[in-house]
file run-v2.txt (compact mmCIF, C-alpha atoms)
# COMPACT_ATOMS: atom_id res chain seq x y z
CA MET A 1010 22.62 84.17 24.50
CA PRO A 1011 22.67 80.95 26.49
CA VAL A 1012 25.86 80.28 28.38
CA THR A 1013 27.43 76.89 27.72
CA ASN A 1014 30.40 74.95 28.96
CA TYR A 1015 31.38 73.88 25.45
CA ARG A 1016 35.10 73.13 25.39
CA THR A 1017 36.57 74.70 22.28
CA ASP A 1018 39.96 73.08 22.84
CA GLN A 1019 38.54 69.61 22.21
CA GLU A 1020 37.95 68.15 18.78
CA PHE A 1021 36.55 65.03 17.21
CA PHE A 1022 38.99 62.58 15.61
CA VAL A 1023 37.78 59.64 13.54
CA ASP A 1024 40.12 56.78 12.69
CA MET A 1025 38.32 54.61 10.14
CA GLN A 1026 41.00 51.89 10.27
CA ARG A 1027 40.31 51.19 13.92
CA CYS A 1028 36.58 50.56 13.46
CA ILE A 1029 35.71 46.97 14.31
CA GLY A 1030 32.02 47.27 13.53
CA CYS A 1031 30.86 46.56 17.08
CA LYS A 1032 28.16 49.22 16.73
CA ALA A 1033 28.63 50.31 20.32
CA CYS A 1034 28.52 53.89 19.04
CA GLU A 1035 25.16 53.27 17.34
CA MET A 1036 23.76 51.73 20.50
CA ALA A 1037 25.10 54.56 22.63
CA CYS A 1038 23.74 57.19 20.28
CA SER A 1039 20.31 55.61 20.17
CA GLU A 1040 20.19 55.56 23.96
CA CYS A 1041 19.91 59.32 23.81
CA GLU A 1042 16.38 60.50 24.29
CA THR A 1043 16.95 63.85 22.64
CA ASN A 1044 17.07 62.19 19.23
CA GLY A 1045 14.06 59.98 19.70
CA HIS A 1046 16.08 56.80 20.36
CA GLU A 1047 17.40 56.81 16.80
CA SER A 1048 21.08 56.47 16.08
CA MET A 1049 22.57 59.52 14.43
CA ILE A 1050 25.85 57.75 13.74
CA HIS A 1051 26.15 55.14 11.01
CA VAL A 1052 28.45 52.15 10.78
CA ASN A 1053 28.91 51.08 7.17
CA TYR A 1054 30.43 48.04 5.52
CA ILE A 1055 32.99 49.03 2.91
CA ASP A 1056 32.43 46.05 0.62
CA ARG A 1057 30.58 43.41 2.48
CA ALA A 1058 31.02 40.65 -0.15
CA VAL A 1059 34.78 40.89 0.05
CA THR A 1060 35.68 42.15 3.50
CA VAL A 1061 34.28 42.58 6.98
CA GLN A 1062 35.91 46.00 7.26
CA THR A 1063 33.54 48.65 8.52
CA THR A 1064 33.77 52.40 8.75
CA VAL A 1065 31.97 54.83 10.92
CA GLN A 1066 30.43 58.05 9.74
CA VAL A 1067 29.65 60.97 12.01
CA CYS A 1068 28.56 64.40 10.88
CA MET A 1069 31.69 66.23 9.80
CA HIS A 1070 30.34 69.66 10.87
CA CYS A 1071 31.59 71.44 7.76
CA ASP A 1072 32.83 75.02 7.97
CA ASP A 1073 30.41 75.94 5.21
CA PRO A 1074 27.70 73.31 5.71
CA VAL A 1075 26.10 72.51 2.39
CA CYS A 1076 23.16 70.81 4.14
CA ALA A 1077 22.30 74.12 5.83
CA ASN A 1078 22.92 76.11 2.66
CA VAL A 1079 20.46 74.06 0.63
CA CYS A 1080 17.79 73.95 3.34
CA PRO A 1081 14.80 75.90 1.99
CA ALA A 1082 13.23 76.17 5.45
CA ASP A 1083 16.28 77.47 7.34
CA ALA A 1084 15.92 74.45 9.61
CA ILE A 1085 19.62 73.58 9.82
CA THR A 1086 21.87 76.09 11.56
CA LYS A 1087 25.40 76.30 12.81
CA ASP A 1088 26.26 77.69 16.22
CA GLU A 1089 29.18 79.80 17.37
CA PHE A 1090 31.25 76.71 18.21
CA GLY A 1091 30.97 75.35 14.67
CA VAL A 1092 28.46 72.64 15.53
CA VAL A 1093 25.98 72.08 12.72
CA HIS A 1094 22.73 71.30 14.46
CA THR A 1095 20.15 68.78 13.41
CA ALA A 1096 17.07 70.12 11.67
CA ASN A 1097 14.77 72.19 13.82
CA THR A 1098 11.71 69.94 13.99
CA ALA A 1099 9.39 72.93 13.89
CA ARG A 1100 10.87 74.01 10.57
CA CYS A 1101 12.02 70.85 8.78
CA ILE A 1102 9.70 70.09 5.88
CA GLY A 1103 11.25 66.72 5.08
CA CYS A 1104 12.32 67.73 1.57
CA SER A 1105 15.56 65.69 1.71
CA ASN A 1106 17.60 68.44 0.05
CA CYS A 1107 20.26 68.07 2.76
CA VAL A 1108 20.33 64.29 2.30
CA MET A 1109 21.16 64.73 -1.37
CA ALA A 1110 23.56 67.63 -0.90
CA CYS A 1111 25.85 66.27 1.84
CA PRO A 1112 29.05 64.90 0.24
CA PHE A 1113 29.64 62.65 3.25
CA GLY A 1114 26.20 61.08 3.17
CA VAL A 1115 25.45 61.99 6.76
CA PRO A 1116 21.89 63.33 7.01
CA GLN A 1117 19.24 60.66 6.78
CA LYS A 1118 15.56 61.25 6.46
CA LYS A 1119 13.41 59.26 8.84
CA GLU A 1120 10.34 58.51 6.79
CA THR A 1121 8.27 57.60 9.84
CA TYR A 1122 8.75 61.11 11.25
CA ASP A 1123 9.10 62.89 7.89
CA LEU A 1124 12.10 64.62 9.39
CA MET A 1125 15.80 64.81 8.69
CA MET A 1126 17.92 63.76 11.62
CA LYS A 1127 21.65 63.93 11.90
CA CYS A 1128 24.41 63.99 14.48
CA ASN A 1129 24.76 67.28 16.35
CA MET A 1130 27.91 66.20 18.15
CA CYS A 1131 25.84 65.30 21.23
CA TYR A 1132 25.22 69.00 21.81
CA ASP A 1133 23.32 68.23 25.00
CA ARG A 1134 26.51 66.65 26.37
CA THR A 1135 29.24 68.76 24.73
CA SER A 1136 27.56 72.00 25.72
CA ALA A 1137 27.81 70.76 29.31
CA GLY A 1138 31.51 70.04 28.94
CA LYS A 1139 31.11 66.30 28.39
CA LYS A 1140 32.31 64.20 25.45
CA PRO A 1141 29.99 62.83 22.76
CA MET A 1142 28.44 59.51 23.73
CA CYS A 1143 29.83 57.56 20.76
CA ALA A 1144 33.40 58.66 21.50
CA THR A 1145 33.14 57.65 25.14
CA VAL A 1146 31.95 54.10 24.36
CA CYS A 1147 34.17 53.29 21.35
CA PRO A 1148 36.35 50.36 22.53
CA THR A 1149 39.03 50.84 19.86
CA GLN A 1150 39.04 54.63 19.94
CA ALA A 1151 38.14 54.80 16.28
CA LEU A 1152 36.12 57.71 17.57
CA TYR A 1153 38.07 59.99 19.83
CA TYR A 1154 37.14 63.31 21.32
CA GLY A 1155 39.89 65.33 22.94
CA THR A 1156 42.64 67.81 22.35
CA ARG A 1157 45.13 67.85 19.48
CA GLU A 1158 48.02 67.28 21.89
CA GLU A 1159 46.39 64.13 23.21
CA ILE A 1160 45.85 62.64 19.76
CA ALA A 1161 49.37 63.56 18.66
CA LYS A 1162 50.75 61.69 21.65
CA MET A 1163 48.44 58.71 21.13
CA ARG A 1164 48.93 58.34 17.37
CA PRO A 1165 52.42 59.53 16.47
CA ASN A 1166 52.20 58.02 13.00
CA SER A 1167 48.94 59.71 12.03
CA THR A 1168 47.91 63.23 11.22
CA PRO A 1169 44.43 64.65 11.68
CA VAL A 1170 43.09 65.92 8.36
CA ASN A 1171 40.04 68.10 7.92
CA ASN A 1172 40.32 69.09 4.26
CA PHE A 1173 38.47 67.04 1.71
CA ILE A 1174 38.55 67.51 -2.04
CA PHE A 1175 35.53 66.30 -3.97
CA GLY A 1176 36.44 66.85 -7.62
CA LYS A 1177 36.77 70.63 -7.83
CA GLU A 1178 35.05 71.24 -4.53
CA SER A 1179 37.10 71.68 -1.40
CA VAL A 1180 35.38 71.07 1.94
CA SER A 1181 36.92 71.83 5.32
CA THR A 1182 35.36 70.41 8.44
CA LYS A 1183 35.37 70.66 12.20
CA VAL A 1184 35.74 66.88 12.57
CA ASN A 1185 39.12 65.35 11.73
CA ILE A 1186 39.92 62.06 9.99
CA MET A 1187 43.14 60.34 11.00
CA MET A 1188 45.39 59.92 7.96
CA PRO A 1189 48.98 58.70 7.49
CA LYS A 1190 51.54 61.10 8.93
CA GLY A 1191 52.19 64.12 6.74
CA SER A 1192 48.85 64.09 4.92
CA THR A 1193 47.21 67.45 4.39
CA SER A 1194 44.03 66.60 2.53
CA LEU A 1195 41.91 63.69 1.47
CA ILE A 1196 41.10 63.59 -2.22
CA ILE A 1197 37.81 61.87 -2.96
CA ASP A 1198 36.73 61.50 -6.55
CA MET B 984 30.44 76.26 -1.66
CA ALA B 985 33.88 76.71 -0.19
CA THR B 986 35.42 77.01 -3.64
CA ASP B 987 32.44 78.86 -5.07
CA LYS B 988 33.50 82.24 -6.40
CA LYS B 989 29.95 83.31 -7.12
CA ASP B 990 28.28 86.21 -5.42
CA ASN B 991 26.93 84.90 -2.13
CA HIS B 992 24.91 87.92 -1.00
CA TRP B 993 21.85 85.73 -0.58
CA LYS B 994 23.47 84.29 2.52
CA GLU B 995 23.03 87.63 4.26
CA ASP B 996 19.29 87.11 4.18
CA PHE B 997 19.42 83.39 4.92
CA PRO B 998 22.30 83.01 7.33
CA VAL B 999 23.39 79.56 8.37
CA TYR B 1000 24.98 80.86 11.58
CA GLN B 1001 22.63 81.08 14.53
CA LEU B 1002 24.27 84.26 15.82
CA GLU B 1003 23.67 86.11 12.57
CA SER B 1004 20.05 85.07 12.37
CA THR B 1005 19.11 85.90 15.95
CA GLN B 1006 21.04 89.07 16.63
CA VAL B 1007 20.18 92.47 15.23
CA SER B 1008 23.13 94.81 15.43
CA ARG B 1009 22.89 98.13 17.25
CA ARG B 1010 23.57 99.90 13.96
CA ASP B 1011 20.76 98.05 12.16
CA PHE B 1012 18.35 98.82 14.98
CA ALA B 1013 19.34 102.51 14.91
CA LYS B 1014 18.80 102.59 11.15
CA PHE B 1015 15.38 101.03 11.56
CA LEU B 1016 14.42 103.56 14.25
CA CYS B 1017 15.62 106.48 12.10
CA LEU B 1018 13.68 105.21 9.12
CA VAL B 1019 10.45 104.72 11.06
CA SER B 1020 10.65 108.01 12.97
CA GLY B 1021 11.63 109.86 9.77
CA GLY B 1022 8.66 108.33 8.00
CA LEU B 1023 6.32 109.35 10.81
CA ALA B 1024 7.71 112.91 10.86
CA VAL B 1025 7.33 113.30 7.09
CA GLY B 1026 3.83 111.82 7.19
CA SER B 1027 2.70 114.09 10.04
CA GLY B 1028 4.23 117.10 8.28
CA TYR B 1029 2.38 116.25 5.09
CA VAL B 1030 -0.93 115.98 6.93
CA ALA B 1031 -0.32 119.24 8.85
CA ILE B 1032 0.67 121.19 5.72
CA LYS B 1033 -2.25 119.83 3.74
CA ALA B 1034 -4.71 120.71 6.50
CA ASN B 1035 -3.36 124.24 7.18
CA PHE B 1036 -2.23 125.53 3.81
CA PHE B 1037 -4.52 123.67 1.41
CA PRO B 1038 -8.02 123.73 2.95
CA PRO B 1039 -10.67 121.80 1.03
CA GLU B 1040 -12.29 123.87 -1.69
CA LYS B 1041 -15.83 125.02 -1.08
CA ILE B 1042 -18.48 123.82 -3.44
CA ALA B 1043 -19.24 126.51 -5.96
CA GLY B 1044 -22.73 126.96 -7.30
CA GLU B 1045 -25.66 124.62 -7.25
CA HIS B 1046 -25.58 121.06 -8.42
CA PHE B 1047 -28.50 119.02 -9.64
CA VAL B 1048 -29.05 115.73 -7.81
CA CYS B 1049 -32.35 114.21 -8.90
CA LYS B 1050 -36.05 114.84 -9.32
CA LYS B 1051 -38.26 114.94 -6.28
CA TYR B 1052 -40.41 111.98 -7.33
CA GLU B 1053 -37.32 109.79 -7.69
CA LEU B 1054 -36.80 109.81 -3.92
CA PRO B 1055 -39.53 108.20 -1.75
CA VAL B 1056 -40.19 109.36 1.79
CA GLY B 1057 -37.60 107.89 4.15
CA GLY B 1058 -35.40 107.06 1.18
CA THR B 1059 -31.84 108.09 0.48
CA ARG B 1060 -29.84 108.67 -2.65
CA SER B 1061 -26.10 108.77 -2.85
CA PHE B 1062 -24.42 111.11 -5.30
CA VAL B 1063 -21.12 112.65 -6.21
CA ILE B 1064 -20.65 116.25 -7.29
CA ALA B 1065 -18.92 116.58 -10.66
CA GLY B 1066 -15.19 117.25 -10.27
CA SER B 1067 -15.06 115.75 -6.79
CA THR B 1068 -14.79 112.22 -5.42
CA ILE B 1069 -16.47 112.80 -2.05
CA PRO B 1070 -19.62 110.69 -1.71
CA TYR B 1071 -22.75 112.43 -0.42
CA ILE B 1072 -26.19 111.21 0.56
CA LEU B 1073 -29.46 112.99 0.02
CA ILE B 1074 -32.18 112.01 2.52
CA ARG B 1075 -35.91 112.61 2.23
CA MET B 1076 -37.01 112.75 5.83
CA GLU B 1077 -40.38 111.49 7.01
CA ASN B 1078 -41.67 115.09 7.29
CA ASN B 1079 -40.79 115.67 3.60
CA GLU B 1080 -37.74 117.78 4.37
CA PHE B 1081 -34.55 117.10 2.47
CA ARG B 1082 -31.07 116.85 3.96
CA ALA B 1083 -27.71 116.23 2.29
CA TYR B 1084 -24.55 115.14 4.10
CA GLU B 1085 -21.14 113.81 3.30
CA GLN B 1086 -21.33 110.01 3.47
CA LYS B 1087 -17.98 109.68 5.25
CA CYS B 1088 -18.14 109.26 9.01
CA THR B 1089 -16.00 111.92 10.69
CA HIS B 1090 -14.40 109.22 12.82
CA LEU B 1091 -12.68 106.92 10.33
CA SER B 1092 -14.48 107.66 7.04
CA CYS B 1093 -16.77 104.63 7.02
CA ALA B 1094 -19.90 105.03 4.90
CA VAL B 1095 -22.87 106.22 6.96
CA PHE B 1096 -26.52 105.23 6.38
CA TYR B 1097 -29.85 106.79 7.24
CA LYS B 1098 -32.04 104.64 9.48
CA PRO B 1099 -35.53 105.28 8.09
CA GLY B 1100 -38.09 106.31 10.69
CA SER B 1101 -35.54 107.05 13.41
CA GLY B 1102 -34.25 110.44 12.31
CA LYS B 1103 -30.73 109.19 12.84
CA ILE B 1104 -27.76 108.51 10.59
CA GLU B 1105 -25.78 105.49 11.62
CA CYS B 1106 -22.15 104.57 11.07
CA PRO B 1107 -22.03 100.77 11.33
CA CYS B 1108 -18.27 100.54 11.88
CA HIS B 1109 -18.19 101.75 15.49
CA ASN B 1110 -21.83 102.52 16.18
CA GLY B 1111 -21.57 106.25 15.60
CA LEU B 1112 -24.93 108.05 15.45
CA PHE B 1113 -25.69 111.45 13.90
CA ASP B 1114 -28.83 113.53 13.98
CA ALA B 1115 -30.34 113.36 10.51
CA PHE B 1116 -31.79 116.89 10.81
CA THR B 1117 -28.64 118.73 11.83
CA GLY B 1118 -25.73 116.29 11.33
CA GLU B 1119 -24.72 116.65 15.00
CA VAL B 1120 -23.11 113.70 16.76
CA LEU B 1121 -25.56 111.85 19.02
CA ALA B 1122 -23.45 108.91 20.12
CA GLY B 1123 -20.32 106.99 19.42
CA PRO B 1124 -16.76 108.00 18.59
CA PRO B 1125 -17.19 110.62 15.78
CA PRO B 1126 -15.48 113.86 16.86
CA ARG B 1127 -17.32 116.29 14.55
CA PRO B 1128 -20.76 116.67 12.98
CA LEU B 1129 -21.24 115.35 9.47
CA PRO B 1130 -20.36 117.98 6.83
CA ARG B 1131 -23.64 119.20 5.44
CA LEU B 1132 -24.84 120.53 2.08
CA GLU B 1133 -27.75 122.87 1.66
CA VAL B 1134 -30.67 121.46 -0.31
CA VAL B 1135 -32.43 123.81 -2.70
CA ILE B 1136 -35.68 122.71 -4.27
CA LYS B 1137 -36.73 124.32 -7.48
CA GLY B 1138 -40.08 122.93 -8.51
CA GLU B 1139 -39.55 119.21 -8.98
CA GLU B 1140 -35.77 119.37 -9.14
CA ILE B 1141 -33.43 119.02 -6.17
CA PHE B 1142 -30.16 120.92 -6.10
CA VAL B 1143 -27.42 121.09 -3.47
CA LYS B 1144 -25.05 123.91 -2.65
CA ASP B 1145 -22.48 124.79 -0.03
CA PHE B 1146 -24.06 124.90 3.42
CA LYS B 1147 -23.82 128.11 5.37
CA SER B 1148 -24.51 127.71 9.05
CA ASP B 1149 -26.80 130.21 10.82
CA LYS B 1150 -23.74 131.84 12.40
CA GLU B 1151 -22.05 132.38 9.04
CA ASN B 1152 -25.31 133.70 7.57
CA SER B 1153 -25.74 136.21 10.38
CA GLU B 1154 -22.12 137.35 10.03
CA ARG B 1155 -22.65 137.88 6.32
CA SER B 1156 -25.83 139.89 6.87
CA ASN B 1157 -24.02 142.05 9.47
CA HIS B 1158 -21.25 142.72 6.95
CA SER B 1159 -23.68 143.72 4.26
CA ALA B 1160 -25.54 145.95 6.73
CA THR B 1161 -22.40 147.85 7.67

call {"tool": "encode", "arguments": {"input": "run-v2.txt", "output": "structure tokens"}}
result
Amino acid sequence: MPVTNYRTDQEFFVDMQRCIGCKACEMACSECETNGHESMIHVNYIDRAVTVQTTVQVCMHCDDPVCANVCPADAITKDEFGVVHTANTARCIGCSNCVMACPFGVPQKKETYDLMMKCNMCYDRTSAGKKPMCATVCPTQALYYGTREEIAKMRPNSTPVNNFIFGKESVSTKVNIMMPKGSTSLIID
Amino acid sequence: MATDKKDNHWKEDFPVYQLESTQVSRRDFAKFLCLVSGGLAVGSGYVAIKANFFPPEKIAGEHFVCKKYELPVGGTRSFVIAGSTIPYILIRMENNEFRAYEQKCTHLSCAVFYKPGSGKIECPCHNGLFDAFTGEVLAGPPPRPLPRLEVVIKGEEIFVKDFKSDKENSERSNHSAT
């Protein structure tokens, strides 16, 4: 088994409210040559006709990743640190099952490559003890990578939440969303 | 998925976790070794018992193969004795003698063929060569001579019967003499 310097005490915290849509994260992500200069993080407009508010969507690295469960080619796997890796290019058949299955809308199929590509939490960096590129460049710290103590000190009025309820389906994730203090889950219908 | 109460045994065969898919446990490996070595032991035992306690039955009596004129000189005819599945070939040699052998090479049971004019029986699989007059191995990997049948000619009809080597024949005559 390869030895890594992955820091298990650090986690990803996403604060949607702080996103200013600068797309620095997208630029930083697409600088990475291990994902073919494509951005694996997506900045979305909530309702562009009405507001300029944007949100940012990284892979949530679910505890029971539905994208990996529906993959007929066993291309998507999860490692011992809980990182759900992007599709193994030797195995991915471009069927888009994962794209349709993910409740967060994270995996995207690149038609030019006929491959699914998604965020793998900058595994090339995090496995070397560094922070993901998007989190290091985010000017508003809408994306933050660090310990729980750090985030509690920085955002005393917010609580990190990693339980999401989609109808009757409950999904717990490795990545946290910052919610108002005292929240335990995010109900999405 | 997380709230799914259904039986998820299929995940054992298609694990999402890299560790589960790449590592074979010591116990699983030991089970596999036991199964394979057990299978080999049982298989070898079966072969040994079959060879030592159940020898192949000798051919009883004479069996008609064909008429003499049906087989040209240098020609062969394959046949099977009733009640058996072993293929045999009958050869009419160039000097008008007849020979009958099992058609299975003693190496790996490939079908052997007579090469007309050469006096040799050839196994094409690994270039085994047998003497067409005696069945002895001339070349190649076969470990034993080809099992032979004795050809008996009665008028125009050709029969085969169990082949007794010269040694066996002499032993029998000694027995009858004493």

call {"tool": "residues_near_point", "arguments": {"input": "run-v2.txt", "point": "(31.7, 62.1, 26.3)", "cutoff": "12 Å", "atoms": "only C-alpha atoms", "output": "PyMOL selection string"}}
result
chain A and resi 1015-1016+1019-1021+1034+1037-1038+1130-1147+1152-1155

call {"tool": "closest_residue", "arguments": {"input": "run-v2.txt", "among": "A:Thr1095, A:Ser1167, A:Asn1185, A:Ser1179", "to": "Pro1112 (chain A)", "atoms": "only C-alpha atoms"}}
result
A:Ser1179

call {"tool": "residues_near_point", "arguments": {"input": "run-v2.txt", "point": "(32.8, 73.0, 14.3)", "cutoff": "12 Å", "atoms": "only C-alpha atoms", "output": "MDAnalysis selection string"}}
result
(chainID A and resid 1015:1021 1068:1074 1086:1094 1129:1130 1132 1135 1171 1181:1185) or (chainID B and resid 1000)

call {"tool": "closest_residue", "arguments": {"input": "run-v2.txt", "among": "A:Ile1050, A:Met1187, A:Ala1058, A:Cys1111", "to": "chain B", "atoms": "only C-alpha atoms"}}
result
A:Cys1111

call {"tool": "closest_residue", "arguments": {"input": "run-v2.txt", "among": "A:Val1108, A:Val1180, A:Met1188, A:Cys1080", "to": "chain B", "atoms": "all atoms listed in the file"}}
result
A:Val1180

call {"tool": "residues_around", "arguments": {"input": "run-v2.txt", "residues": "Phe1142 (chain B)", "least_positions_apart": "3", "cutoff": "7 Å", "atoms": "all atoms listed in the file", "output": "count of residues only"}}
result
7

call {"tool": "axis_aligned_box", "arguments": {"input": "run-v2.txt", "around": "region 1084-1090 of chain A", "padding_each_side": "8 Å", "output": "JSON"}}
result
{"center_x": 23.6, "center_y": 76.7, "center_z": 13.9, "size_x": 31.3, "size_y": 22.2, "size_z": 24.6}

call {"tool": "residues_around", "arguments": {"input": "run-v2.txt", "residues": "Ala1084 (chain A)", "least_positions_apart": "3", "cutoff": "7 Å", "atoms": "all atoms listed in the file", "output": "ChimeraX atom specification"}}
result
/A:1080,1096-1097,1100-1101

call {"tool": "residues_around", "arguments": {"input": "run-v2.txt", "residues": "Ile1042 (chain B)", "least_positions_apart": "4", "cutoff": "12 Å", "atoms": "all atoms listed in the file", "output": "list in words"}}
result
His1046, Val1063, Ile1064, Ala1065, Gly1066, Ser1067, Ile1069, Pro1130, Arg1131, Leu1132, Glu1133, Val1143, Lys1144, Asp1145, Phe1146 and Lys1147 of chain B

call {"tool": "closest_residue", "arguments": {"input": "run-v2.txt", "among": "B:Val1056, B:Val1030, B:Val1095, B:Leu1002", "to": "Phe1113 (chain B)", "atoms": "only C-alpha atoms"}}
result
B:Val1095

call {"tool": "atom_distance", "arguments": {"input": "run-v2.txt", "atom1": "CA of Arg1127 (chain B)", "atom2": "CA of Pro1039 (chain B)"}}
result
16.0 Å

call {"tool": "atom_distance", "arguments": {"input": "run-v2.txt", "atom1": "CA of Trp993 (chain B)", "atom2": "CA of Met1125 (chain A)"}}
result
23.7 Å

call {"tool": "closest_residue", "arguments": {"input": "run-v2.txt", "among": "A:Ser1039, A:Gly1114, A:Ala1082, A:Asn1053", "to": "chain B", "atoms": "only C-alpha atoms"}}
result
A:Ala1082

call {"tool": "atom_distance", "arguments": {"input": "run-v2.txt", "atom1": "CA of Glu1105 (chain B)", "atom2": "CA of Glu1119 (chain B)"}}
result
11.7 Å

call {"tool": "residues_around", "arguments": {"input": "run-v2.txt", "residues": "Ser1092 (chain B)", "least_positions_apart": "3", "cutoff": "10 Å", "atoms": "all atoms listed in the file", "output": "PDB file with C-alpha atoms, in the frame of the given file"}}
result
ATOM      1  CA  GLU B1085     -21.140 113.810   3.300  1.00  0.00           C
ATOM      2  CA  GLN B1086     -21.330 110.010   3.470  1.00  0.00           C
ATOM      3  CA  LYS B1087     -17.980 109.680   5.250  1.00  0.00           C
ATOM      4  CA  CYS B1088     -18.140 109.260   9.010  1.00  0.00           C
ATOM      5  CA  THR B1089     -16.000 111.920  10.690  1.00  0.00           C
ATOM      6  CA  VAL B1095     -22.870 106.220   6.960  1.00  0.00           C
ATOM      7  CA  CYS B1106     -22.150 104.570  11.070  1.00  0.00           C
ATOM      8  CA  CYS B1108     -18.270 100.540  11.880  1.00  0.00           C
ATOM      9  CA  PRO B1125     -17.190 110.620  15.780  1.00  0.00           C
TER      10      PRO B1125
END

call {"tool": "closest_residue", "arguments": {"input": "run-v2.txt", "among": "B:Glu1140, B:Asp996, B:Glu1053, B:Glu1040", "to": "chain A", "atoms": "all atoms listed in the file"}}
result
B:Asp996

call {"tool": "residues_around", "arguments": {"input": "run-v2.txt", "residues": "Asn1078 (chain B)", "least_positions_apart": "6", "cutoff": "12 Å", "atoms": "only C-alpha atoms", "output": "VMD selection string"}}
result
chain B and resid 1055 to 1058 1099 to 1102 1115 to 1116

call {"tool": "write_last_selection", "arguments": {"input": "run-v2.txt", "atoms": "C-alpha atoms", "output": "compact mmCIF listing (two decimals), in the coordinates of the input"}}
result
# COMPACT_ATOMS: atom_id res chain seq x y z
CA PRO B 1055 -39.53 108.20 -1.75
CA VAL B 1056 -40.19 109.36 1.79
CA GLY B 1057 -37.60 107.89 4.15
CA GLY B 1058 -35.40 107.06 1.18
CA PRO B 1099 -35.53 105.28 8.09
CA GLY B 1100 -38.09 106.31 10.69
CA SER B 1101 -35.54 107.05 13.41
CA GLY B 1102 -34.25 110.44 12.31
CA ALA B 1115 -30.34 113.36 10.51
CA PHE B 1116 -31.79 116.89 10.81

call {"tool": "decode", "arguments": {"input": "run-v2.txt", "residues": "region 1045-1058 of chain B", "atoms": "N, CA and C atoms", "output": "short mmCIF file (atom, residue, chain, number, x, y, z; two decimals), in the first residue's frame"}}
result
data_model
loop_
_atom_site.label_atom_id
_atom_site.label_comp_id
_atom_site.auth_asym_id
_atom_site.auth_seq_id
_atom_site.Cartn_x
_atom_site.Cartn_y
_atom_site.Cartn_z
N GLU B 1045 -13.20 -61.87 -31.36
CA GLU B 1045 -12.79 -61.23 -32.59
C GLU B 1045 -13.89 -60.31 -33.09
N HIS B 1046 -13.48 -59.23 -33.67
CA HIS B 1046 -14.47 -58.25 -34.13
C HIS B 1046 -14.24 -57.94 -35.60
N PHE B 1047 -15.32 -57.97 -36.34
CA PHE B 1047 -15.25 -57.73 -37.78
C PHE B 1047 -15.01 -56.24 -38.04
N VAL B 1048 -14.11 -55.93 -38.95
CA VAL B 1048 -13.85 -54.53 -39.29
C VAL B 1048 -14.40 -54.20 -40.67
N CYS B 1049 -13.86 -54.85 -41.68
CA CYS B 1049 -14.34 -54.59 -43.05
C CYS B 1049 -13.87 -55.71 -43.95
N LYS B 1050 -14.25 -55.61 -45.22
CA LYS B 1050 -13.76 -56.58 -46.21
C LYS B 1050 -12.41 -56.10 -46.74
N LYS B 1051 -11.64 -57.07 -47.21
CA LYS B 1051 -10.29 -56.76 -47.67
C LYS B 1051 -10.30 -55.75 -48.81
N TYR B 1052 -11.25 -55.94 -49.76
CA TYR B 1052 -11.23 -55.09 -50.96
C TYR B 1052 -11.67 -53.65 -50.65
N GLU B 1053 -12.21 -53.45 -49.45
CA GLU B 1053 -12.65 -52.09 -49.10
C GLU B 1053 -11.46 -51.20 -48.72
N LEU B 1054 -10.31 -51.81 -48.48
CA LEU B 1054 -9.15 -51.05 -48.01
C LEU B 1054 -8.04 -51.12 -49.06
N PRO B 1055 -7.73 -50.01 -49.75
CA PRO B 1055 -6.66 -50.06 -50.76
C PRO B 1055 -5.29 -50.13 -50.09
N VAL B 1056 -4.30 -50.47 -50.86
CA VAL B 1056 -2.93 -50.54 -50.32
C VAL B 1056 -2.50 -49.13 -49.90
N GLY B 1057 -1.92 -49.04 -48.71
CA GLY B 1057 -1.51 -47.73 -48.18
C GLY B 1057 -2.66 -46.96 -47.56
N GLY B 1058 -3.84 -47.57 -47.56
CA GLY B 1058 -5.01 -46.88 -47.02
C GLY B 1058 -5.24 -47.21 -45.56
#
